[in-house]
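Below: one structure, written as structure tokens.
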Amino acid sequence: MLYYLSLGSNLGDRESTLRSALQLIEQRIGSVLRCSSFYYSKPWGFTSANDFCNLCCALETDKKPLDVLHLTQTIERSLGRNHKSQDGHYSDRSIDIDLIRVFDNDKKELFMDSPELTLPHRFWQERDFVKVPLAEIMH
């Protein structure tokens with residue numbers, strides 16, 4: 001399956017954290033096929049003095065969406081993220097990895113709406129920090 005992920009960081013050495021996350025994704029989840037350029041943005045949904053560094057990547061794996069979600073959450077924790085945003089309350093974070101869009105082996109987009117995961121990502125079309133880097137790598 002083909003996954004499009006969005007990664008962001010607004011604390012610490014943001015670019016280094018994103019590179020580390022990509023290495024861990026490659027080691028633990030699947031093959032990173034393409035990565036966008038870094039994209040810098042103001043926080044979305046909250047106010048902070050710390051701008052974000054974002055990128056998107058295309059990932060190939062045979063893992064199911066919830067398994068990929070759980071693995072990305074483990075990677076986030078290993079890179080210093082100790083709490084997730086809940087109920088629309090966002091805050092500064094060392095790393096955020098979101099599943100944006102997923103396509104099966106027949107190139108059909110997967111749709112999912114569960115308490116744990118919504119596919120495609122609910123807000124991806126409202127966020128330039130996702131749309132711009134995603135457009136760079138989508139075929």
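For the structure tokens, the naming scheme is as follows: chains receive sequential letters (A, B, ...) according to their order of presentation, residues are indexed from 1 within each chain, and ligands are indexed from 1 in presentation order.
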Within 6 Å of range 28-41 of chain A, which residues of range 53-123 of chain A come that close, and what is the closest atom pair and distance in Å for each? Count only C-alpha atoms and give it as a tab-separated table.
residue	atom	partner	partner_atom	distance
A:Cys53	CA	A:Tyr40	CA	4.6
A:Asn54	CA	A:Tyr39	CA	5.0
A:Leu55	CA	A:Phe38	CA	5.1
A:Cys56	CA	A:Ser36	CA	5.4
A:Cys57	CA	A:Cys35	CA	4.3
A:Ala58	CA	A:Arg34	CA	5.2
A:Leu59	CA	A:Val32	CA	4.5
A:Glu60	CA	A:Ser31	CA	5.2
A:Thr61	CA	A:Gly30	CA	4.7
**Asked** Among range 17-102 of chain A, which residues carry a DSSP assignment of alpha helix (DSSP H), reported as a count of residues only?
**Response** 26
**Prompt:** CA of Gly80 in chain A to CA of Arg93 in chain A: how many Å, to one decimal?
**Reply:** 8.4 Å
**Prompt:** Near Asp104 in chain A, within 9 Å and counting only C-alpha atoms, which residues show up once chain neighbours fewer than 6 positions away are dropped, as a ChimeraX atom specification?
**Reply:** /A:1-3,110
**Request:** Could you give me the residues within range 27-125 of chain A that DSSP places in strand (DSSP E), as a PyMOL selection string?
**Result:** chain A and resi 31-35+39-41+52-60+96-103+112-113+118-119
**Request:** May I ask for the distance between CA of Ser20 in chain A and CA of Ser94 in chain A, given in Å to one decimal place?
**Result:**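 Interatomic distance here is 11.5 Å.
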